[in-house]
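Some notes on the structure that comes next.
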Amino acid sequence: MKRMLMVGLAATLLLAAGGPAVADTVNLSNHQNYLHFTYVRVWADGQTGGTDENPLYLYPGIYSFTASGGTGSEGPLVPNWGFCVELSQYSSDGTYTVEDLANAPKPGIFVGPMGQDKADYIRELWYHHFDEVWLQGGDILWQADAFSAAVWEIVYQDYQSDATQYDVTSGYVDAYTGFECEFYEPDGYPDLNEQITGLANTWLHGLSGNGPYEHTLRGLTHGEYQDFVVQIPVPGAVLLGVVGLGLVGVGGWVVKRRAG
């Protein structure tokens with residue numbers, strides 16, 4: 001019996017080390033920007049429908065969709081929300097690949113996959129400044145709008161080893177270079193743009209590129225549609241729980257044999 005338990009434990013560890021045999025996927029539908037405070041004017045590398053004189057108007061903040069039919073170890077763990085990391089394509093229903101954030105966005109007609117350095121900046125940004133309270137809505141959503149601006153700045157500007165060089169209010173050069181944005185100020189909020197962009201820049205200027213990192217972030221990529229960054233549970237944590245239970249079972253069996 002002990003041998004059988006150890007064989008099962010070894011198989012579990014092998015599964016954890018080997019990972020999925022095929023790329024993880026998830027189906028996305030019912031797309032909408034559902035948690036934001038205002039809208040934003042964006043000038044960005046490869047934007048759809050925008051020109052130097054005519055910026056793209058977007059809703060920032062938390063983007064929602066229905067995630068279903070996930071395959072592999074991580075596809076079923078994809079939540080129903082995330083943040084946009086691609087401005088050059090529209091969102092649409094389809095089957096998305098779940099992969100390392102560094103490989104998003106795709107196909108990268110203008111900006112290309114962001115690469116590891118930019119992905120690490122977003123992971124650090126997420127660790128320090130993403131707030132789950134945003135998911136409850138309310139006036140605090142101007143902070144979620146700032147978070148979107150910071151993410152887009154990282155993705156669309158050239159990588160800066162000195163993060164204090166990032167500025168969401170300047171840097172757009174032409175349809176192939178840079179990013180900047182300006183937030184709409186509804187009646188009663190005369191300083192909203194300065195407030196949102198100021199917070200985004202403050203967050204960016206505090207990044208080191210060295211972590212700490214805690215959350216598992218993945219890119220949801222599609223060759224024809226808008227890509228997203230999402231946070232998912234760590235599959236390894238689930239497997240470690242199973243392994244731990246297996247070890248407890250083995251230990252209990254050994255103790256019982258010795259006691260008998």
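For the structure tokens, the naming scheme is as follows: chains receive sequential letters (A, B, ...) according to their order of presentation, residues are indexed from 1 within each chain, and ligands are indexed from 1 in presentation order.
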
### Query
Tell me, which residues of segment 1-229 of chain A carry DSSP strand (DSSP E or B), written as a PyMOL selection string?
chain A and resi 24-35+40-44+56-58+62-71+81-84+94-100+174+177+179-183+216-221+228-229

### Task
Name the residues in contact with Ile140 of chain A at a cut-off of 9 Å, using only C-alpha atoms, excluding same-chain residues fewer than 5 positions from it; report them as a list in words.
Phe37, Val133 and Trp134 of chain A

Requested write-out: C-alpha atoms of the selected residues, as a PDB file, in the first residue's frame:
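Just written: selection06.pdb:
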ATOM      1  CA  PHE A  37     -15.188  56.143 -14.221  1.00  0.00           C
ATOM      2  CA  VAL A 133     -12.144  46.841  -4.272  1.00  0.00           C
ATOM      3  CA  TRP A 134     -12.398  48.167  -7.847  1.00  0.00           C
TER       4      TRP A 134
END

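Nearest to Gly72 of chain A of all the residues A:Leu141, A:Val98, A:Val85, A:Met114 is A:Val98, based on only C-alpha atoms.
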
### Task
With a distance cut-off of 8 Å and only C-alpha atoms, select the neighbouring residues of segment 189-201 of chain A, excluding the residue or stretch itself and same-chain residues fewer than 5 positions from it, and output the selection as a PyMOL selection string.
chain A and resi 142-143+145-147+149-150+166-169+182-184

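Distance check against Asn80 of chain A using only C-alpha atoms: of A:Gln116, A:Asn103, A:Ser29, A:Thr221, the minimum falls on A:Ser29.
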
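Counting only C-alpha atoms, segment 158-162 of chain A has the following residues at most 10 Å away, ignoring those fewer than 3 positions along the same chain: A:Val111, A:Met114, A:Gly115, A:Asp117, A:Lys118, A:Tyr121, A:Glu153, A:Ile154, A:Val155, A:Gln165, A:Tyr166, A:Gly171, A:Thr177, A:Gly178, A:Phe179, A:Leu204, A:His205, A:Gly206, A:Leu207, A:Ser208, A:Gly209.
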
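You can rank A:Ala163, A:Leu56, A:Leu28, A:Cys181 by their closest distance to Ser88 of chain A using only C-alpha atoms, and at the top of that list sits A:Leu56.
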
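Across the model, the gap from atom CA of Val173 of chain A to atom CA of Phe228 of chain A is 24.5 Å.
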
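If only C-alpha atoms are the atoms counted, then among A:Tyr225, A:Ile62, A:Pro233, A:Cys84 the closest residue to Gly137 of chain A is A:Ile62.
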
### Message
Taking only segment 87-248 of chain A into account, list the residues labelled alpha helix (DSSP H) by DSSP (computed from the backbone), as an NGL selection string.
### Response
:A and (115-129 or 141-156 or 192-205 or 235-248)

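Counting from atom CA of Tyr59 of chain A, the distance to atom CA of Glu99 of chain A is 25.0 Å.
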
### Task
Could you tell me which of A:Ala119, A:Val26, A:Val151, A:Leu77 comes closest to Pro60 of chain A if we count only C-alpha atoms?
A:Val151
